[in-house]
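One structure is given below, encoded as C-alpha cells.
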Amino acid sequence: MKILELHSWDVTPKEAVDIQISLYAKICLNNKFQKIEKIAGADIAFDPLSQKGFAGVILYQFPELKVVERTQAILKLSFPYVPGLLAFREAPVLLEAFRLLRHEPDIIFFDGQGIAHPRGMGIASHLGLILDKPTIGCAKSVLVGKYREPSQEVGAYSSLIHKENKVGVALRTRKNVRPIFVSPGHKIDLEKSIELVLACCDGYRIPKPTREADHFVAQIKEAEIQRCKETKKKQY
C-alpha cells in the first residue's frame, strides 16, 4: 500500500499535539470512493513486559465478508502512553502491517476514534490521511462528547456531541447490548460510516472487521510470547 510520509513519528508529546492540530485541516468528511469491494479491519495488542506492539490487518471481500488476506507486524513501541496521542504510539506498527498488504482496501475500519477526539484526530482520521484511504472509527467507549442512550432496536443511534459539534453517534448494533461509538475518520461521511458498520455487524456488537482483527492480534501476541519463552529455555 501507498503510505504517505506526512510527518516524523520521532516526536515529543508537545510536537505530536501540534502535528494533530495541523493535520486536522486536511481531513475530508465527504465520500471519496465509488464502489466498495474490499474492507479492512485493523487493531493492535500490546505486551507491557517487552514493550512490543502486535498489529494485524484483515482484508475482506465486501459484502460477503470473506477473508482475502491477513498481514501482521511486531514492533517495539517507543512513544509513551498519552491519552489523545495513541496514534503516535500505535501507528508505526500498524503501518508496517498495512505495508504488507497485496490488495488495496476501499474502506478501513479501526478499533478507535475518527473525529470524535479532542483535536478531531483519532487513529482512524490520522491513518486515513497517512494511507490516503476512507476510514471509520469504531470504538467500544467514548473519548469525547455526550450522547443520549439510543433505543434498543438494532440500527438505532443518537448523536455524539462535542463542543456543540456532531462528531459521531452512539450506535445500537445488537438489541439489549451497549452501543458502540462510530465516527468518520477521513474521506467518508457519518451517514455512510453508520451504514457500513451495520452492514458488517453479523449479529455481534462489534463489526466483523475490527472484532476479528482484535482476535487476530491476540493470537499474534500469544504466539510471540510463547516463541520468546521457548528461545530463553534453549539458552539455558
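A note on labels: chains of the C-alpha cells are A, B, ... as shown, every chain counts residues from 1, and ligands are counted from 1 in their shown order.
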
Can you tell me, as a ChimeraX atom specification, what residues are no more than 12 Å from Arg211 (chain A) when counting only C-alpha atoms, ignoring any on the same chain fewer than 3 positions away? /A:40-44,56-58,109-112,138-140,197,200-208,214-218

Within 12 Å of region 17-28 of chain A, which residues of region 127-202 of chain A come that close, and what is the closest atom pair and distance in Å for each? Count only C-alpha atoms and give it as a Markdown table.
| residue | atom | partner | partner_atom | distance |
| --- | --- | --- | --- | --- |
| A:Leu127 | CA | A:Ile27 | CA | 10.7 |
| A:Gly128 | CA | A:Ile27 | CA | 8.4 |
| A:Leu129 | CA | A:Ile27 | CA | 7.2 |
| A:Ile130 | CA | A:Leu23 | CA | 10.1 |
| A:Asp132 | CA | A:Ile27 | CA | 10.2 |
| A:Lys133 | CA | A:Cys28 | CA | 10.5 |
| A:Pro134 | CA | A:Cys28 | CA | 9.1 |
| A:Thr135 | CA | A:Cys28 | CA | 10.5 |
| A:Pro184 | CA | A:Cys28 | CA | 9.4 |
| A:Gly185 | CA | A:Ile27 | CA | 7.8 |
| A:His186 | CA | A:Cys28 | CA | 5.3 |
| A:Lys187 | CA | A:Cys28 | CA | 4.9 |
| A:Ile188 | CA | A:Cys28 | CA | 7.2 |
| A:Asp189 | CA | A:Cys28 | CA | 8.4 |
| A:Leu190 | CA | A:Cys28 | CA | 11.4 |

Filtering to C-alpha atoms, could you give me those residues as a PDB file, in the first residue's frame?
ATOM      1  CA  LEU A 127      -4.152   6.915   9.476  1.00  0.00           C
ATOM      2  CA  GLY A 128      -6.788   7.810   6.929  1.00  0.00           C
ATOM      3  CA  LEU A 129      -4.547  10.725   5.971  1.00  0.00           C
ATOM      4  CA  ILE A 130      -1.367   8.658   6.071  1.00  0.00           C
ATOM      5  CA  ASP A 132      -4.955   8.206   1.838  1.00  0.00           C
ATOM      6  CA  LYS A 133      -7.990   5.937   2.295  1.00  0.00           C
ATOM      7  CA  PRO A 134     -11.569   6.263   3.587  1.00  0.00           C
ATOM      8  CA  THR A 135     -11.556   5.233   7.243  1.00  0.00           C
ATOM      9  CA  PRO A 184     -15.927   9.094  10.404  1.00  0.00           C
ATOM     10  CA  GLY A 185     -12.164   9.124  10.005  1.00  0.00           C
ATOM     11  CA  HIS A 186     -11.342  10.503   6.556  1.00  0.00           C
ATOM     12  CA  LYS A 187     -12.872  10.559   3.050  1.00  0.00           C
ATOM     13  CA  ILE A 188     -16.273   9.355   4.305  1.00  0.00           C
ATOM     14  CA  ASP A 189     -19.311  10.952   5.904  1.00  0.00           C
ATOM     15  CA  LEU A 190     -21.105   9.904   9.080  1.00  0.00           C
TER      16      LEU A 190
END

Worksheet entry | Ala55 (chain A) environment, 9 Å, only C-alpha atoms, sequence neighbours closer than 2 positions dropped, as a list in words | Ala42, Asp43, Ile44, Ala45, Phe46, Gly53, Val57, Thr71, Gln72, Ala73, Ile74, Leu75, Glu90, Val93, Leu94, Leu95, Glu96, Ala97, Ala213, Phe216, Val217, Ile220 and Lys221 of chain A

Suppose we keep N, CA and C atoms; can you now write the selection as a PDB file, in the first residue's frame?
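Printed below is again.pdb as written:
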ATOM      1  N   ALA A  42      -8.425  -3.234  11.273  1.00  0.00           N
ATOM      2  CA  ALA A  42      -7.076  -3.164  11.847  1.00  0.00           C
ATOM      3  C   ALA A  42      -7.148  -2.989  13.359  1.00  0.00           C
ATOM      4  N   ASP A  43      -6.197  -3.606  14.052  1.00  0.00           N
ATOM      5  CA  ASP A  43      -6.135  -3.476  15.510  1.00  0.00           C
ATOM      6  C   ASP A  43      -4.708  -3.736  15.977  1.00  0.00           C
ATOM      7  N   ILE A  44      -4.477  -3.484  17.261  1.00  0.00           N
ATOM      8  CA  ILE A  44      -3.154  -3.685  17.847  1.00  0.00           C
ATOM      9  C   ILE A  44      -3.305  -4.232  19.259  1.00  0.00           C
ATOM     10  N   ALA A  45      -2.382  -5.109  19.653  1.00  0.00           N
ATOM     11  CA  ALA A  45      -2.269  -5.588  21.032  1.00  0.00           C
ATOM     12  C   ALA A  45      -0.909  -5.137  21.559  1.00  0.00           C
ATOM     13  N   PHE A  46      -0.786  -5.086  22.879  1.00  0.00           N
ATOM     14  CA  PHE A  46       0.446  -4.575  23.496  1.00  0.00           C
ATOM     15  C   PHE A  46       0.889  -5.484  24.628  1.00  0.00           C
ATOM     16  N   GLY A  53       4.427  -3.911  20.308  1.00  0.00           N
ATOM     17  CA  GLY A  53       3.086  -3.820  19.762  1.00  0.00           C
ATOM     18  C   GLY A  53       2.897  -4.894  18.708  1.00  0.00           C
ATOM     19  N   VAL A  57      -3.905  -6.721  10.325  1.00  0.00           N
ATOM     20  CA  VAL A  57      -4.871  -6.195   9.358  1.00  0.00           C
ATOM     21  C   VAL A  57      -5.505  -7.376   8.646  1.00  0.00           C
ATOM     22  N   THR A  71      -2.342  -9.654   7.272  1.00  0.00           N
ATOM     23  CA  THR A  71      -0.941  -9.276   7.453  1.00  0.00           C
ATOM     24  C   THR A  71      -0.717  -8.927   8.921  1.00  0.00           C
ATOM     25  N   GLN A  72       0.533  -9.013   9.340  1.00  0.00           N
ATOM     26  CA  GLN A  72       0.852  -8.723  10.731  1.00  0.00           C
ATOM     27  C   GLN A  72       2.234  -8.104  10.851  1.00  0.00           C
ATOM     28  N   ALA A  73       2.447  -7.441  11.970  1.00  0.00           N
ATOM     29  CA  ALA A  73       3.752  -6.832  12.236  1.00  0.00           C
ATOM     30  C   ALA A  73       3.960  -6.765  13.741  1.00  0.00           C
ATOM     31  N   ILE A  74       5.225  -6.840  14.138  1.00  0.00           N
ATOM     32  CA  ILE A  74       5.607  -6.731  15.555  1.00  0.00           C
ATOM     33  C   ILE A  74       6.701  -5.678  15.650  1.00  0.00           C
ATOM     34  N   LEU A  75       6.535  -4.754  16.573  1.00  0.00           N
ATOM     35  CA  LEU A  75       7.495  -3.655  16.685  1.00  0.00           C
ATOM     36  C   LEU A  75       7.528  -3.159  18.126  1.00  0.00           C
ATOM     37  N   GLU A  90       0.791   3.817  18.343  1.00  0.00           N
ATOM     38  CA  GLU A  90       0.348   2.605  17.657  1.00  0.00           C
ATOM     39  C   GLU A  90       0.549   2.618  16.141  1.00  0.00           C
ATOM     40  N   VAL A  93       3.609   0.545  14.064  1.00  0.00           N
ATOM     41  CA  VAL A  93       3.497  -0.900  13.870  1.00  0.00           C
ATOM     42  C   VAL A  93       2.301  -1.230  12.971  1.00  0.00           C
ATOM     43  N   LEU A  94       1.217  -0.477  13.087  1.00  0.00           N
ATOM     44  CA  LEU A  94       0.076  -0.681  12.192  1.00  0.00           C
ATOM     45  C   LEU A  94       0.464  -0.441  10.734  1.00  0.00           C
ATOM     46  N   LEU A  95       1.254   0.600  10.504  1.00  0.00           N
ATOM     47  CA  LEU A  95       1.668   0.909   9.135  1.00  0.00           C
ATOM     48  C   LEU A  95       2.542  -0.194   8.549  1.00  0.00           C
ATOM     49  N   GLU A  96       3.332  -0.855   9.385  1.00  0.00           N
ATOM     50  CA  GLU A  96       4.139  -1.980   8.895  1.00  0.00           C
ATOM     51  C   GLU A  96       3.236  -3.115   8.416  1.00  0.00           C
ATOM     52  N   ALA A  97       2.132  -3.338   9.126  1.00  0.00           N
ATOM     53  CA  ALA A  97       1.194  -4.382   8.701  1.00  0.00           C
ATOM     54  C   ALA A  97       0.477  -3.972   7.408  1.00  0.00           C
ATOM     55  N   ALA A 213     -10.070  -8.636  13.852  1.00  0.00           N
ATOM     56  CA  ALA A 213      -8.718  -8.090  13.972  1.00  0.00           C
ATOM     57  C   ALA A 213      -8.251  -8.140  15.422  1.00  0.00           C
ATOM     58  N   PHE A 216      -7.246 -11.630  16.105  1.00  0.00           N
ATOM     59  CA  PHE A 216      -6.024 -11.902  15.350  1.00  0.00           C
ATOM     60  C   PHE A 216      -4.788 -11.401  16.088  1.00  0.00           C
ATOM     61  N   VAL A 217      -4.839 -10.148  16.575  1.00  0.00           N
ATOM     62  CA  VAL A 217      -3.652  -9.594  17.248  1.00  0.00           C
ATOM     63  C   VAL A 217      -3.407 -10.281  18.589  1.00  0.00           C
ATOM     64  N   ILE A 220      -1.437 -13.290  17.642  1.00  0.00           N
ATOM     65  CA  ILE A 220      -0.060 -12.907  17.287  1.00  0.00           C
ATOM     66  C   ILE A 220       0.749 -12.683  18.555  1.00  0.00           C
ATOM     67  N   LYS A 221       0.168 -11.961  19.500  1.00  0.00           N
ATOM     68  CA  LYS A 221       0.846 -11.669  20.770  1.00  0.00           C
ATOM     69  C   LYS A 221       1.165 -12.955  21.532  1.00  0.00           C
TER      70      LYS A 221
END

- Write down as number ranges by chain the residues belonging to region 9-173 of chain A that are assigned strand (DSSP E or B) by DSSP computed on the backbone. A: 38-47, 52-61, 66-76, 107-110, 135-139, 146, 157-162, 165-171

Can you spit out the residues from that selection as a PDB file, in the first residue's frame, using C-alpha atoms?
ATOM      1  CA  LYS A  38     -12.803  -4.713  -0.103  1.00  0.00           C
ATOM      2  CA  ILE A  39     -12.965  -3.650   3.546  1.00  0.00           C
ATOM      3  CA  ALA A  40     -10.100  -3.940   6.032  1.00  0.00           C
ATOM      4  CA  GLY A  41     -10.133  -4.148   9.810  1.00  0.00           C
ATOM      5  CA  ALA A  42      -7.076  -3.164  11.847  1.00  0.00           C
ATOM      6  CA  ASP A  43      -6.135  -3.476  15.510  1.00  0.00           C
ATOM      7  CA  ILE A  44      -3.154  -3.685  17.847  1.00  0.00           C
ATOM      8  CA  ALA A  45      -2.269  -5.588  21.032  1.00  0.00           C
ATOM      9  CA  PHE A  46       0.446  -4.575  23.496  1.00  0.00           C
ATOM     10  CA  ASP A  47       2.769  -6.511  25.773  1.00  0.00           C
ATOM     11  CA  LYS A  52       6.131  -4.597  21.873  1.00  0.00           C
ATOM     12  CA  GLY A  53       3.086  -3.820  19.762  1.00  0.00           C
ATOM     13  CA  PHE A  54       1.383  -6.555  17.712  1.00  0.00           C
ATOM     14  CA  ALA A  55      -0.543  -5.224  14.728  1.00  0.00           C
ATOM     15  CA  GLY A  56      -2.906  -7.092  12.473  1.00  0.00           C
ATOM     16  CA  VAL A  57      -4.871  -6.195   9.358  1.00  0.00           C
ATOM     17  CA  ILE A  58      -7.545  -8.433   7.855  1.00  0.00           C
ATOM     18  CA  LEU A  59      -8.891  -7.691   4.392  1.00  0.00           C
ATOM     19  CA  TYR A  60     -12.391  -8.857   3.454  1.00  0.00           C
ATOM     20  CA  GLN A  61     -14.366  -9.138   0.255  1.00  0.00           C
ATOM     21  CA  LYS A  66     -14.899 -13.392   3.262  1.00  0.00           C
ATOM     22  CA  VAL A  67     -11.228 -13.083   4.190  1.00  0.00           C
ATOM     23  CA  VAL A  68      -8.933 -12.120   1.308  1.00  0.00           C
ATOM     24  CA  GLU A  69      -5.661 -11.812   3.220  1.00  0.00           C
ATOM     25  CA  ARG A  70      -4.123 -11.132   6.612  1.00  0.00           C
ATOM     26  CA  THR A  71      -0.941  -9.276   7.453  1.00  0.00           C
ATOM     27  CA  GLN A  72       0.852  -8.723  10.731  1.00  0.00           C
ATOM     28  CA  ALA A  73       3.752  -6.832  12.236  1.00  0.00           C
ATOM     29  CA  ILE A  74       5.607  -6.731  15.555  1.00  0.00           C
ATOM     30  CA  LEU A  75       7.495  -3.655  16.685  1.00  0.00           C
ATOM     31  CA  LYS A  76       8.821  -2.244  19.929  1.00  0.00           C
ATOM     32  CA  ILE A 107     -12.563   1.243   3.309  1.00  0.00           C
ATOM     33  CA  ILE A 108     -10.647   0.656   6.560  1.00  0.00           C
ATOM     34  CA  PHE A 109     -12.226   0.087   9.986  1.00  0.00           C
ATOM     35  CA  PHE A 110     -10.174   0.948  13.084  1.00  0.00           C
ATOM     36  CA  THR A 135     -11.556   5.233   7.243  1.00  0.00           C
ATOM     37  CA  ILE A 136     -14.090   4.674  10.027  1.00  0.00           C
ATOM     38  CA  GLY A 137     -13.556   4.736  13.783  1.00  0.00           C
ATOM     39  CA  CYS A 138     -15.483   2.016  15.672  1.00  0.00           C
ATOM     40  CA  ALA A 139     -14.842   2.478  19.395  1.00  0.00           C
ATOM     41  CA  LYS A 146     -22.041  13.483  25.246  1.00  0.00           C
ATOM     42  CA  TYR A 157     -28.461   5.741  17.201  1.00  0.00           C
ATOM     43  CA  SER A 158     -28.087   9.078  18.947  1.00  0.00           C
ATOM     44  CA  SER A 159     -25.742  11.954  18.207  1.00  0.00           C
ATOM     45  CA  LEU A 160     -22.371  12.211  19.927  1.00  0.00           C
ATOM     46  CA  ILE A 161     -21.850  15.938  20.576  1.00  0.00           C
ATOM     47  CA  HIS A 162     -18.509  17.553  21.408  1.00  0.00           C
ATOM     48  CA  ASN A 165     -20.433  19.715  17.022  1.00  0.00           C
ATOM     49  CA  LYS A 166     -21.749  16.297  15.977  1.00  0.00           C
ATOM     50  CA  VAL A 167     -18.625  14.134  15.863  1.00  0.00           C
ATOM     51  CA  GLY A 168     -20.225  10.699  15.685  1.00  0.00           C
ATOM     52  CA  VAL A 169     -23.025   8.540  17.027  1.00  0.00           C
ATOM     53  CA  ALA A 170     -23.771   6.009  19.730  1.00  0.00           C
ATOM     54  CA  LEU A 171     -24.991   3.124  17.555  1.00  0.00           C
TER      55      LEU A 171
END

Quick one: pick out all helix (DSSP H, G or I) residues within region 8-176 of chain A from a backbone DSSP run and write them as a PDB file with C-alpha atoms, in the first residue's frame.
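Final output, saved to part_1.pdb:
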ATOM      1  CA  PRO A  13       4.099  14.698  23.056  1.00  0.00           C
ATOM      2  CA  LYS A  14       4.037  18.500  22.624  1.00  0.00           C
ATOM      3  CA  GLU A  15       5.137  18.158  18.996  1.00  0.00           C
ATOM      4  CA  ALA A  16       2.568  15.395  18.493  1.00  0.00           C
ATOM      5  CA  VAL A  17      -0.248  17.710  19.604  1.00  0.00           C
ATOM      6  CA  ASP A  18       0.949  20.379  17.163  1.00  0.00           C
ATOM      7  CA  ILE A  19       1.015  17.790  14.355  1.00  0.00           C
ATOM      8  CA  GLN A  20      -2.560  16.727  15.120  1.00  0.00           C
ATOM      9  CA  ILE A  21      -3.748  20.341  15.033  1.00  0.00           C
ATOM     10  CA  SER A  22      -2.058  20.968  11.677  1.00  0.00           C
ATOM     11  CA  LEU A  23      -3.316  17.694  10.148  1.00  0.00           C
ATOM     12  CA  TYR A  24      -6.933  18.272  11.120  1.00  0.00           C
ATOM     13  CA  LEU A  86      -2.375   6.928  20.806  1.00  0.00           C
ATOM     14  CA  ALA A  87      -1.827   7.211  17.056  1.00  0.00           C
ATOM     15  CA  PHE A  88       1.790   8.187  17.703  1.00  0.00           C
ATOM     16  CA  ARG A  89       2.238   5.085  19.833  1.00  0.00           C
ATOM     17  CA  GLU A  90       0.348   2.605  17.657  1.00  0.00           C
ATOM     18  CA  ALA A  91       0.608   3.869  14.071  1.00  0.00           C
ATOM     19  CA  PRO A  92       4.214   2.800  13.314  1.00  0.00           C
ATOM     20  CA  VAL A  93       3.497  -0.900  13.870  1.00  0.00           C
ATOM     21  CA  LEU A  94       0.076  -0.681  12.192  1.00  0.00           C
ATOM     22  CA  LEU A  95       1.668   0.909   9.135  1.00  0.00           C
ATOM     23  CA  GLU A  96       4.139  -1.980   8.895  1.00  0.00           C
ATOM     24  CA  ALA A  97       1.194  -4.382   8.701  1.00  0.00           C
ATOM     25  CA  PHE A  98      -0.556  -2.241   6.075  1.00  0.00           C
ATOM     26  CA  ARG A  99       2.664  -2.053   4.054  1.00  0.00           C
ATOM     27  CA  ILE A 123      -6.335   6.983  14.918  1.00  0.00           C
ATOM     28  CA  ALA A 124      -8.880   6.434  12.125  1.00  0.00           C
ATOM     29  CA  SER A 125      -8.558  10.050  10.999  1.00  0.00           C
ATOM     30  CA  HIS A 126      -4.780  10.118  11.395  1.00  0.00           C
ATOM     31  CA  LEU A 127      -4.152   6.915   9.476  1.00  0.00           C
ATOM     32  CA  GLY A 128      -6.788   7.810   6.929  1.00  0.00           C
ATOM     33  CA  LEU A 129      -4.547  10.725   5.971  1.00  0.00           C
ATOM     34  CA  ILE A 130      -1.367   8.658   6.071  1.00  0.00           C
ATOM     35  CA  LEU A 131      -2.873   5.842   3.975  1.00  0.00           C
TER      36      LEU A 131
END

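For the choices A:Leu65, A:Gly84, A:Glu149, A:Ser78, the atom-to-atom distance to Pro209 (chain A) is smallest for A:Leu65 when using only C-alpha atoms.
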
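Distances here use only C-alpha atoms; by that measure, the residue among A:Ser183, A:Ser151, A:Gln34, A:Gln51 closest to Met121 (chain A) is A:Ser183.
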